[in-house]
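Working notes, structure below.
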Amino acid sequence: MTRYADVIIDISHEKVDRPFQYRIPEHMLEKLEVGMCVTVPFGKGNTLRRGYVTDITEKCAFDPQKIKEIHSLATDGVGVEDFQIRLARWIRSSYGGTMIQALKTVLPARHTVKKVEYKKVLLAVGREEGISLLGECRRKKQAARVRLLQELLSEGELPYELVTGKLMVSPAVIRGLEGLGAVHVEVLQSFRNPVKQQERQEISKELSEEQQAAVEKVMADYDGGDPGTYLLQGITGSGKTEVYIRLAQEMVSRGRQVIVLIPEIALTYQTLMRFYRRFGDRVSVLNSTLSAGEKYDQCERARCGEIDVIIGPRSALFVPFSRVGLILMDEEHEASYKSENTPKYHARETAVYLASLHGASVVLGSATPSLEAAYRAREGLYRQLFLTRRLTGGSLPKVYTVDLREELKQGNRSIFSRKLQELLADRLEKGQQSMLFINRRGFAGFVSCRACGHVMKCPHCDVSLSEHKGGRLVCHYCGYVTAKVNVCPECGSKYISGFRAGTQQIEERLQAMFPAMRILRMDADTTRAKDSHEQILAAFSAGEADVLVGTQMIVKGHDFPNVTLVGVLAADLSLSVGDYRAGERTFQLLTQAAGRAGRGSEPGEVVIQTYQPEHYAIIHAACQDYEGFYQEEILYRELMGYPPVAHMLAVQIYAASEEEGDRLSRQLARQAKGYVDQAQPLARQMLIVGPAPAGIGRVNDIYRFVFYVKDRDYHRLIAVKDGLEAWMGEWQSGQRRPQISLQFDFDPMNTL
Ligand code: ADP
Ligand code: ZN
Ligand code: ZN
């Protein structure tokens with residue numbers, strides 16, 4: 001049968017949408033695959049051009065007489081483009097979606113650039129004059145000018161994107177100071193005028209023994225031709241960042257390039273400065289404050305070798321480097337490393353694959369490793385490195401776990417336990433700061449008993465049931481439905497209901513209790529405006545409030561030396577989200593939250609309020625015992641067949657009509673059941689769970705359904721995905737206006 005290939009001629013982004021169709025010559029039929037590089041005759045003169053195959057079909061979209069034929073298979077090159085195409089191919093086959101979606105993920109959006117520019121902000125006046133101007137700005141309370149002058153006085157010059165980015169100084173403020181003649185913006189043309197490496201080496205710290213051992217291990221393996229993936233486990237302040245910097249220096253001195261992944265929320269100005277001081281103009285940062293054009297500029301600078309080190313979120317993996325020696329991934333457990341859009345790739349797995357293409361090493365760092373990373377380290381797939389000592393001094397905080405059931409018994413119906421009230425009053429008196437956080441993701445909707453702590457769970461999946469309209473409790477994995485209860489099946493109390501208390505109520509009640517308290521609140525409402533998130537943190541850091549109330553956003557990244565009390569108002573909220581990662585996430589959040597207290601010289605205290613003080617995630621978080629937590633959590637995953645012990649593919653169906661979505665999701669699930677290999681013993685078999693309406697069943701009038709396929713073998717799940725994709729393609733071609741789409745999520749980060 002004749003087959004046709006869609007070929008993208010030039011992989012610049014704007015043309016990625018427009019593939020051209022070619023006939024596949026007979027002798028190529030067996031060999032040709034999506035993602036391969038071919039040469040094709042193009043245009044009037046039929047000049048031979050390189051192109052990439054994005055799809056293979058049996059349908060010809062044009063006049064079959066006029067269609068041209070593929071000339072030949074291009075032999076694999078080694079350029080940056082080939083790395084990117086191979087990466088896109090792998091992403092497509094591992095996570096689903098189309099080749100075009102994969103290419104769009106991997107390729108930087110092309111922008112017609114005038115000329116790639118690189119800008120710096122410099123101090124234009126002498127030191128004395130600078131200091132006197134700084135004093136003046138302080139008196140006038142011009143906070144942004146103060147920040148900029150202060151930094152320029154200590155650094156001399158700063159990259160423009162750092163000033164407008166993490167330092168939060170707007171271009172208008174820079175222009176204002178420029179107008180006064182105090183600062184100067186220098187524009188350097190890239191390519192033509194390669195920037196000279198600055199000689200501003202910070203006096204290197206002498207590494208601790210543990211740090212030294214970690215660096216030596218990674219470099220010795222690398223130099224010995226055996227690069228690997230490493231899990232660097234160490235609490236905050238144990239010197240992980242210093243290890244990253246040293247490793248990056250080692251790689252750069254060997255002529256290799258380094259990708260540093262840091263979740264944006266955890267990337268502070270201080271951390272960035274540490275990289276700038278070591279790598280000067282040879283380091284670049286990708287962040288969300290950059291425009292698409294600026295991002296493209298950074299990629300161009302990377303492509304022509306002007307940059308050795310790139311720092312950014314997961315998309316920094318796709319910077320066109322041709323000599324990658326090392327990929328560093330800080331806070332590897334962060335959910336933001338997983339893409340929410342198709343292809344739903346995970347940066348960890350993608351980094352490991354990318355490293356294999358380049359013969360590079362990967363270092364994953366965390367204080368609370370993901371179960372995935374810890375499991376693979378124990379299976380011997382990752383090599384383990386530990387940093388056990390805190391270099392910053394300061395002892396671990398004292399943790400009190402408060403049983404909210406007891407509080408209720410004692411007649412305290414407030415959302416603040418007596419212990420927390422007492423400590424809050426104490427801090428207010430001493431002029432020290434506190435942080436209160438409510439552990440809240442989405443609208444959890446779970447139902448629990450305030451008298452005994454009992455949580456309504458699915459009998460099949462061991463995750464919390466969610467309250468739906470119409471008095472039903474639903475499991476979002478398997479679709480189990482049961483009626484809402486009015487009395488607790490465990491203790492008979494009538495205090496059983498969904499938990500509802502937002503940050504705003506907390507703020508109000510706190511204010512009512514302590515009228516003199518200065519309170520800042522940080523949640524999705526107060527941080528909607530761009531940068532407001534950083535502004536609130538900056539204000540709190542500057543001592544403008546006694547208490548910061550917020551969602552889990554407040555526990556990440558920033559250091560507040562004056563915070564000596566952290567209160568977790570309802571640790572159960574994240575514990576009871578109907579998701580198999582709930583325990584892991586709770587442990588991470590509580591450990592991080594506890595780590596917020598007592599960073600300075602004063603010791604810290606932490607109050608964890610919960611209805612389930614006996615839950616292992618809470619017990620182990622309270623004593624900062626990762627190993628203990630891991631041992632219990634992995635047993636649960638093993639027992640239930642959840643990742644990382646097994647793999648889980650979420651098949652998500654989006655439909656404009658509820659009936660059709662329901663019907664199709666059943667059909668697809670049946671189709672998937674057909675792949676179950678009856679010859680396998682039950683324990684090795686693939687399992688299909690669902691379908692069920694998704695946690696958030698309807699968004700913008702689109703109905704969502706989901707079912708899960710579990711298997712120990714990732715490749716078998718890929719085969720299921722391929723099968724369903726093909727089945728769906730056929731189904732859609734038979735529809736006039738298909739109003740249904742299908743998405744895949746491998747080892748989903750959350751299942752809401
Ligand atoms: P982490 O990334 O694990 O939180 P950092 O690398 O940021 O740890 O180190 C925490 C603090 O300790 C920083 O202020 C850093 O400058 C300091 N530090 C790191 N390594 C050393 C060292 N070898 N000697 C002295 N201080 C160090
Ligand atoms: Zn009860
Ligand atoms: Zn269930």
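By order in the structure tokens, chains are A, B, ...; within a chain, residues start at 1; ligands start at 1, following the order shown.
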
Notebook entry, point to check: Do you know which residues are at most 10 Å from A:Arg49 counting only C-alpha atoms, after dropping those on the same chain fewer than 6 positions away, and could you put them as a ChimeraX atom specification?
Noted result: /A:9-10,38-43,71,74

Next item on the list: Name the residues of stretch 189-345 of chain A that come out as strand (DSSP E or B) in a backbone DSSP run; write them as an NGL selection string.
Entry: :A and (189 or 229-234 or 257-261 or 283-285 or 309-312 or 324-329 or 338)

Check: Given a cut-off of 9 Å, what residues near ligand 1 show up using only C-alpha atoms and all ligand atoms, put as a PyMOL selection string?
Finding: chain A and resi 204-209+211-212+233-245+271+274+330+365-367+387+390-393

Margin query: Show me which residues line ligand 2, defined as having an atom within 7 Å of a ligand atom where only C-alpha atoms and all ligand atoms count, and present them as a PyMOL selection string.
Written below: chain A and resi 449-454+488-493+496

Selection to disk with N, CA, C and O atoms, as a short mmCIF file (atom, residue, chain, number, x, y, z; two decimals), in the first residue's frame:
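Output file selection-v4.cif is given in full below:
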```cif
data_model
loop_
_atom_site.label_atom_id
_atom_site.label_comp_id
_atom_site.auth_asym_id
_atom_site.auth_seq_id
_atom_site.Cartn_x
_atom_site.Cartn_y
_atom_site.Cartn_z
N CYS A 449 -14.03 13.61 59.90
CA CYS A 449 -14.71 13.79 61.17
C CYS A 449 -13.84 14.63 62.10
O CYS A 449 -12.69 14.28 62.35
N ARG A 450 -14.40 15.70 62.62
CA ARG A 450 -13.60 16.56 63.49
C ARG A 450 -13.49 15.99 64.90
O ARG A 450 -12.67 16.43 65.68
N ALA A 451 -14.32 15.02 65.21
CA ALA A 451 -14.24 14.42 66.54
C ALA A 451 -13.19 13.31 66.60
O ALA A 451 -12.44 13.22 67.56
N CYS A 452 -13.13 12.47 65.55
CA CYS A 452 -12.19 11.35 65.62
C CYS A 452 -11.16 11.36 64.51
O CYS A 452 -10.23 10.56 64.52
N GLY A 453 -11.30 12.25 63.52
CA GLY A 453 -10.30 12.33 62.47
C GLY A 453 -10.52 11.37 61.31
O GLY A 453 -9.78 11.37 60.34
N HIS A 454 -11.58 10.56 61.40
CA HIS A 454 -11.85 9.59 60.34
C HIS A 454 -12.07 10.29 58.99
O HIS A 454 -12.76 11.28 58.90
N CYS A 488 -20.57 10.18 61.65
CA CYS A 488 -19.31 9.49 61.39
C CYS A 488 -19.49 7.99 61.55
O CYS A 488 -19.95 7.53 62.60
N PRO A 489 -19.15 7.18 60.50
CA PRO A 489 -19.30 5.73 60.62
C PRO A 489 -18.34 5.15 61.67
O PRO A 489 -18.53 4.02 62.12
N GLU A 490 -17.38 5.89 62.08
CA GLU A 490 -16.37 5.41 63.00
C GLU A 490 -16.78 5.67 64.47
O GLU A 490 -16.73 4.78 65.30
N CYS A 491 -17.21 6.91 64.75
CA CYS A 491 -17.46 7.25 66.16
C CYS A 491 -18.88 7.77 66.41
O CYS A 491 -19.24 8.06 67.55
N GLY A 492 -19.66 7.90 65.33
CA GLY A 492 -21.04 8.33 65.51
C GLY A 492 -21.21 9.83 65.71
O GLY A 492 -22.33 10.31 65.87
N SER A 493 -20.13 10.59 65.69
CA SER A 493 -20.23 12.04 65.88
C SER A 493 -20.90 12.69 64.67
O SER A 493 -20.84 12.18 63.55
N ILE A 496 -19.05 15.60 61.09
CA ILE A 496 -18.38 15.08 59.91
C ILE A 496 -18.82 15.91 58.71
O ILE A 496 -20.00 16.07 58.46
#
```

Which residues are near A:Leu354? Cut-off 8 Å, only C-alpha atoms, ignore same chain within fewer than 4 positions. Put them as a PDB file with C-alpha atoms, in the first residue's frame.
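The resulting file, result-v8.pdb, is shown below:
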```pdb
ATOM      1  CA  LEU A  87      14.819  14.611  21.973  1.00  0.00           C
ATOM      2  CA  THR A 350      13.921  13.978  29.943  1.00  0.00           C
ATOM      3  CA  HIS A 358      25.518  13.908  25.148  1.00  0.00           C
TER       4      HIS A 358
END
```

Note to self: At a cut-off of 10 Å around ligand 3, and using only C-alpha atoms and all ligand atoms, what residues come up? Please write them as a ChimeraX atom specification.
What the structure shows: /A:457-465,474-481,578,689-690,692

Quick one: write out the picked residues with N, CA, C and O atoms as a compact mmCIF listing (two decimals), in the first residue's frame?
```
# COMPACT_ATOMS: atom_id res chain seq x y z
N LYS A 457 -12.90 7.16 52.75
CA LYS A 457 -11.99 6.71 51.69
C LYS A 457 -12.63 5.72 50.76
O LYS A 457 -13.59 5.03 51.13
N CYS A 458 -12.05 5.60 49.55
CA CYS A 458 -12.51 4.60 48.60
C CYS A 458 -12.05 3.22 49.07
O CYS A 458 -10.87 3.02 49.34
N PRO A 459 -12.96 2.26 49.15
CA PRO A 459 -12.58 0.93 49.61
C PRO A 459 -11.64 0.22 48.62
O PRO A 459 -10.95 -0.72 49.00
N HIS A 460 -11.61 0.68 47.36
CA HIS A 460 -10.78 -0.02 46.37
C HIS A 460 -9.42 0.63 46.16
O HIS A 460 -8.46 -0.03 45.80
N CYS A 461 -9.36 1.96 46.30
CA CYS A 461 -8.14 2.66 45.91
C CYS A 461 -7.38 3.26 47.10
O CYS A 461 -6.28 3.76 46.94
N ASP A 462 -7.98 3.24 48.27
CA ASP A 462 -7.35 3.80 49.45
C ASP A 462 -6.95 5.26 49.29
O ASP A 462 -5.92 5.69 49.77
N VAL A 463 -7.73 6.02 48.57
CA VAL A 463 -7.55 7.48 48.53
C VAL A 463 -8.86 8.11 49.02
O VAL A 463 -9.90 7.44 49.03
N SER A 464 -8.81 9.38 49.40
CA SER A 464 -10.01 10.01 49.94
C SER A 464 -11.10 10.18 48.88
O SER A 464 -10.82 10.44 47.72
N LEU A 465 -12.33 10.05 49.32
CA LEU A 465 -13.46 10.32 48.44
C LEU A 465 -13.68 11.83 48.41
O LEU A 465 -13.40 12.53 49.39
N VAL A 474 -17.40 10.62 45.76
CA VAL A 474 -16.92 9.96 44.55
C VAL A 474 -15.42 9.70 44.64
O VAL A 474 -14.66 10.54 45.11
N CYS A 475 -14.98 8.54 44.15
CA CYS A 475 -13.55 8.26 44.00
C CYS A 475 -13.13 8.65 42.60
O CYS A 475 -13.74 8.23 41.62
N HIS A 476 -12.08 9.46 42.51
CA HIS A 476 -11.68 9.95 41.20
C HIS A 476 -10.78 8.99 40.44
O HIS A 476 -10.36 9.26 39.33
N TYR A 477 -10.48 7.87 41.04
CA TYR A 477 -9.71 6.87 40.31
C TYR A 477 -10.64 5.87 39.64
O TYR A 477 -10.57 5.65 38.46
N CYS A 478 -11.51 5.27 40.45
CA CYS A 478 -12.26 4.15 39.91
C CYS A 478 -13.73 4.47 39.69
O CYS A 478 -14.47 3.68 39.13
N GLY A 479 -14.16 5.65 40.13
CA GLY A 479 -15.55 6.02 39.89
C GLY A 479 -16.51 5.52 40.95
O GLY A 479 -17.73 5.71 40.85
N TYR A 480 -16.02 4.87 42.01
CA TYR A 480 -16.87 4.40 43.11
C TYR A 480 -17.67 5.57 43.67
O TYR A 480 -17.14 6.65 43.90
N VAL A 481 -18.98 5.35 43.86
CA VAL A 481 -19.84 6.40 44.38
C VAL A 481 -20.57 5.89 45.61
O VAL A 481 -21.03 4.75 45.64
N GLY A 578 -7.65 13.43 47.26
CA GLY A 578 -7.86 12.10 46.69
C GLY A 578 -6.79 11.72 45.69
O GLY A 578 -7.06 11.60 44.50
N VAL A 689 -8.18 0.84 35.77
CA VAL A 689 -9.00 1.39 36.84
C VAL A 689 -9.88 2.50 36.26
O VAL A 689 -9.38 3.44 35.67
N GLY A 690 -11.17 2.39 36.46
CA GLY A 690 -12.07 3.39 35.92
C GLY A 690 -12.79 2.85 34.70
O GLY A 690 -12.81 1.64 34.51
N ALA A 692 -13.85 7.09 35.20
CA ALA A 692 -14.62 7.89 36.13
C ALA A 692 -14.59 9.33 35.66
O ALA A 692 -13.70 9.72 34.91
```

Notebook entry, point to check: Contacts of A:Val547 at 12 Å or less, counting only C-alpha atoms, minus same-chain residues fewer than 3 places along, as number ranges by chain?
Noted result: A: 424-425, 427-428, 431-437, 506-507, 510-511, 514, 516-522, 536-537, 539-541, 543-544, 550, 554, 560, 562-567

Note to self: I want to know what sits within 9 Å of A:Met329, based on only C-alpha atoms, with residues of the same chain fewer than 3 positions away left out; could you give that as a PyMOL selection string?
What the structure shows: chain A and resi 259-263+332+347-348+351+362-366

Checklist line | Interatomic distance (Å, one decimal) between atom CA of A:Val183 and atom CA of A:Leu272 | finding: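 Computed distance, atom CA of A:Val183 to atom CA of A:Leu272, equals 21.3 Å.
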
Compile the contact shell of A:Thr368 as a short mmCIF file (atom, residue, chain, number, x, y, z; two decimals) with all heavy atoms, in the first residue's frame: residues with an atom at most 10 Å away, counting only C-alpha atoms, same-chain residues fewer than 2 positions apart removed.
```cif
data_model
loop_
_atom_site.label_atom_id
_atom_site.label_comp_id
_atom_site.auth_asym_id
_atom_site.auth_seq_id
_atom_site.Cartn_x
_atom_site.Cartn_y
_atom_site.Cartn_z
N GLN A 233 21.27 14.05 48.26
CA GLN A 233 20.28 14.30 49.29
C GLN A 233 20.92 15.07 50.44
O GLN A 233 21.90 14.63 51.02
CB GLN A 233 19.70 12.98 49.79
CG GLN A 233 18.55 13.17 50.76
CD GLN A 233 17.88 11.84 51.12
OE1 GLN A 233 18.08 10.83 50.46
NE2 GLN A 233 17.09 11.87 52.17
N GLY A 234 20.36 16.23 50.74
CA GLY A 234 20.91 17.03 51.84
C GLY A 234 19.91 18.09 52.24
O GLY A 234 19.27 18.71 51.39
N ILE A 235 19.77 18.30 53.54
CA ILE A 235 18.80 19.30 54.01
C ILE A 235 19.21 20.69 53.54
O ILE A 235 20.34 20.91 53.13
CB ILE A 235 18.68 19.27 55.56
CG1 ILE A 235 20.07 19.43 56.20
CG2 ILE A 235 18.02 18.00 56.03
CD1 ILE A 235 20.02 19.64 57.69
N THR A 236 18.27 21.61 53.63
CA THR A 236 18.55 22.99 53.23
C THR A 236 19.70 23.52 54.08
O THR A 236 19.73 23.29 55.28
CB THR A 236 17.32 23.88 53.49
OG1 THR A 236 16.17 23.10 53.24
CG2 THR A 236 17.34 25.08 52.59
N GLU A 331 15.88 20.78 43.80
CA GLU A 331 14.51 20.53 44.26
C GLU A 331 13.82 19.56 43.30
O GLU A 331 12.73 19.83 42.80
CB GLU A 331 13.71 21.84 44.31
CG GLU A 331 14.39 22.98 45.06
CD GLU A 331 14.24 22.88 46.57
OE1 GLU A 331 13.45 22.05 47.03
OE2 GLU A 331 14.93 23.63 47.27
N GLU A 332 14.49 18.42 43.06
CA GLU A 332 14.02 17.52 42.01
C GLU A 332 12.62 16.99 42.27
O GLU A 332 11.95 16.52 41.37
CB GLU A 332 15.03 16.44 41.75
CG GLU A 332 15.19 15.17 42.61
CD GLU A 332 14.02 14.36 43.03
OE1 GLU A 332 13.29 13.87 42.15
OE2 GLU A 332 13.83 14.15 44.23
N HIS A 333 12.12 17.10 43.51
CA HIS A 333 10.79 16.57 43.84
C HIS A 333 9.66 17.51 43.45
O HIS A 333 8.49 17.15 43.55
CB HIS A 333 10.71 16.33 45.35
CG HIS A 333 10.91 17.61 46.11
ND1 HIS A 333 12.16 18.06 46.47
CD2 HIS A 333 10.04 18.54 46.54
CE1 HIS A 333 12.05 19.22 47.09
NE2 HIS A 333 10.77 19.53 47.14
N GLU A 334 10.00 18.72 43.00
CA GLU A 334 8.97 19.72 42.71
C GLU A 334 8.03 19.29 41.58
O GLU A 334 8.46 18.84 40.52
CB GLU A 334 9.64 21.03 42.29
CG GLU A 334 10.04 21.90 43.43
CD GLU A 334 8.82 22.51 44.12
OE1 GLU A 334 7.93 23.00 43.40
OE2 GLU A 334 8.78 22.48 45.36
N GLY A 365 19.10 17.08 43.07
CA GLY A 365 19.29 17.47 44.45
C GLY A 365 17.98 17.71 45.17
O GLY A 365 17.02 18.19 44.58
N SER A 366 17.90 17.33 46.44
CA SER A 366 16.70 17.59 47.22
C SER A 366 16.95 17.29 48.70
O SER A 366 17.81 16.49 49.04
CB SER A 366 15.55 16.71 46.73
OG SER A 366 14.40 16.92 47.53
N SER A 370 11.89 12.91 45.76
CA SER A 370 10.66 12.28 45.31
C SER A 370 10.80 10.78 45.54
O SER A 370 11.90 10.24 45.56
CB SER A 370 10.47 12.54 43.82
OG SER A 370 11.55 11.96 43.09
N LEU A 371 9.66 10.11 45.70
CA LEU A 371 9.71 8.66 45.85
C LEU A 371 10.38 8.01 44.64
O LEU A 371 11.10 7.03 44.78
CB LEU A 371 8.28 8.11 46.01
CG LEU A 371 7.78 7.85 47.43
CD1 LEU A 371 8.13 6.44 47.85
CD2 LEU A 371 8.31 8.83 48.45
N ALA A 373 12.84 9.21 42.72
CA ALA A 373 14.30 9.29 42.75
C ALA A 373 14.87 8.40 43.85
O ALA A 373 15.85 7.68 43.64
CB ALA A 373 14.73 10.73 42.96
N ALA A 374 14.22 8.41 45.01
CA ALA A 374 14.73 7.61 46.12
C ALA A 374 14.65 6.11 45.78
O ALA A 374 15.56 5.34 46.07
CB ALA A 374 13.93 7.90 47.39
N GLU A 584 3.17 11.78 50.28
CA GLU A 584 4.48 12.31 49.89
C GLU A 584 4.48 13.83 49.91
O GLU A 584 5.38 14.48 50.45
CB GLU A 584 4.82 11.81 48.48
CG GLU A 584 6.10 12.38 47.93
CD GLU A 584 6.45 11.81 46.54
OE1 GLU A 584 5.65 11.02 45.99
OE2 GLU A 584 7.51 12.18 46.01
N ARG A 585 3.43 14.40 49.35
CA ARG A 585 3.37 15.85 49.28
C ARG A 585 3.26 16.47 50.67
O ARG A 585 3.85 17.49 50.97
CB ARG A 585 2.17 16.25 48.42
CG ARG A 585 2.37 17.58 47.77
CD ARG A 585 1.31 17.82 46.72
NE ARG A 585 1.63 17.26 45.44
CZ ARG A 585 0.84 16.46 44.75
NH1 ARG A 585 -0.32 16.09 45.25
NH2 ARG A 585 1.19 16.03 43.57
N PHE A 587 4.36 15.16 53.48
CA PHE A 587 5.66 15.03 54.15
C PHE A 587 6.60 16.14 53.66
O PHE A 587 7.25 16.81 54.45
CB PHE A 587 6.26 13.66 53.87
CG PHE A 587 7.63 13.50 54.45
CD1 PHE A 587 7.80 13.21 55.79
CD2 PHE A 587 8.77 13.69 53.66
CE1 PHE A 587 9.07 13.09 56.35
CE2 PHE A 587 10.04 13.58 54.21
CZ PHE A 587 10.19 13.28 55.55
N GLN A 588 6.66 16.34 52.35
CA GLN A 588 7.55 17.38 51.80
C GLN A 588 7.18 18.76 52.31
O GLN A 588 8.03 19.55 52.73
CB GLN A 588 7.49 17.36 50.27
CG GLN A 588 8.24 16.18 49.68
CD GLN A 588 7.88 15.93 48.23
OE1 GLN A 588 6.97 16.55 47.67
NE2 GLN A 588 8.58 15.01 47.60
N LEU A 589 5.88 19.06 52.26
CA LEU A 589 5.43 20.39 52.69
C LEU A 589 5.73 20.64 54.16
O LEU A 589 6.20 21.71 54.54
CB LEU A 589 3.94 20.54 52.44
CG LEU A 589 3.56 21.00 51.05
CD1 LEU A 589 2.07 20.85 50.83
CD2 LEU A 589 3.98 22.45 50.83
N THR A 591 7.95 19.15 56.05
CA THR A 591 9.39 19.23 56.29
C THR A 591 9.92 20.59 55.86
O THR A 591 10.71 21.22 56.57
CB THR A 591 10.11 18.12 55.49
OG1 THR A 591 9.45 16.89 55.75
CG2 THR A 591 11.56 18.00 55.90
N GLN A 592 9.47 21.05 54.71
CA GLN A 592 9.89 22.37 54.24
C GLN A 592 9.41 23.47 55.17
O GLN A 592 10.13 24.41 55.48
CB GLN A 592 9.34 22.65 52.85
CG GLN A 592 10.15 22.02 51.75
CD GLN A 592 9.44 22.13 50.41
OE1 GLN A 592 8.31 22.59 50.34
NE2 GLN A 592 10.11 21.71 49.37
N GLN A 624 11.61 15.03 61.13
CA GLN A 624 12.48 15.20 59.96
C GLN A 624 13.19 13.91 59.59
O GLN A 624 14.37 13.90 59.29
CB GLN A 624 13.53 16.29 60.24
CG GLN A 624 12.96 17.56 60.86
CD GLN A 624 12.78 18.66 59.85
OE1 GLN A 624 13.69 19.04 59.14
NE2 GLN A 624 11.57 19.19 59.75
N ASP A 625 12.42 12.82 59.57
CA ASP A 625 12.99 11.51 59.32
C ASP A 625 12.59 11.03 57.93
O ASP A 625 11.56 10.38 57.76
CB ASP A 625 12.50 10.54 60.42
CG ASP A 625 12.92 9.11 60.16
OD1 ASP A 625 13.81 8.88 59.31
OD2 ASP A 625 12.34 8.22 60.80
N TYR A 626 13.41 11.35 56.95
CA TYR A 626 13.07 10.98 55.57
C TYR A 626 13.03 9.47 55.39
O TYR A 626 12.11 8.92 54.80
CB TYR A 626 14.07 11.58 54.57
CG TYR A 626 13.71 11.22 53.16
CD1 TYR A 626 12.75 11.95 52.47
CD2 TYR A 626 14.25 10.10 52.53
CE1 TYR A 626 12.36 11.60 51.19
CE2 TYR A 626 13.86 9.73 51.26
CZ TYR A 626 12.92 10.49 50.59
OH TYR A 626 12.52 10.13 49.33
N GLU A 627 14.03 8.79 55.92
CA GLU A 627 14.15 7.36 55.71
C GLU A 627 12.91 6.62 56.26
O GLU A 627 12.35 5.75 55.60
CB GLU A 627 15.43 6.86 56.40
CG GLU A 627 15.86 5.46 56.02
CD GLU A 627 16.01 5.26 54.52
OE1 GLU A 627 16.50 6.20 53.83
OE2 GLU A 627 15.62 4.18 54.03
N TYR A 630 10.05 7.20 53.96
CA TYR A 630 10.20 6.47 52.71
C TYR A 630 9.80 5.00 52.88
O TYR A 630 9.06 4.46 52.06
CB TYR A 630 11.64 6.57 52.20
CG TYR A 630 11.88 5.71 50.99
CD1 TYR A 630 11.55 6.18 49.72
CD2 TYR A 630 12.38 4.42 51.10
CE1 TYR A 630 11.73 5.39 48.60
CE2 TYR A 630 12.56 3.62 50.00
CZ TYR A 630 12.23 4.10 48.75
OH TYR A 630 12.38 3.30 47.65
#
```

Note to self: Just to confirm, what's the straight-line distance from atom CA of A:Arg378 to atom CA of A:Arg246 in Å (one decimal)?
What the structure shows: 25.9 Å

Next item on the list: Would you mind reading off the distance between atom CA of A:Pro561 and atom CA of A:Tyr269, one decimal, in Å?
Entry: 16.0 Å

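Minimum atom-to-atom distances from A:Val402, A:Ala512, A:Ala182, A:Leu103 to A:Ile619 were compared using only C-alpha atoms, and the lowest value belongs to A:Val402.
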
Next item on the list: Extract the full set of alpha helix (DSSP H) residues from stretch 449-654 of chain A according to DSSP on the backbone, and format it as a VMD selection string.
Entry: chain A and resid 503 to 513 532 to 541 572 to 575 582 to 596 616 to 622 626 to 640
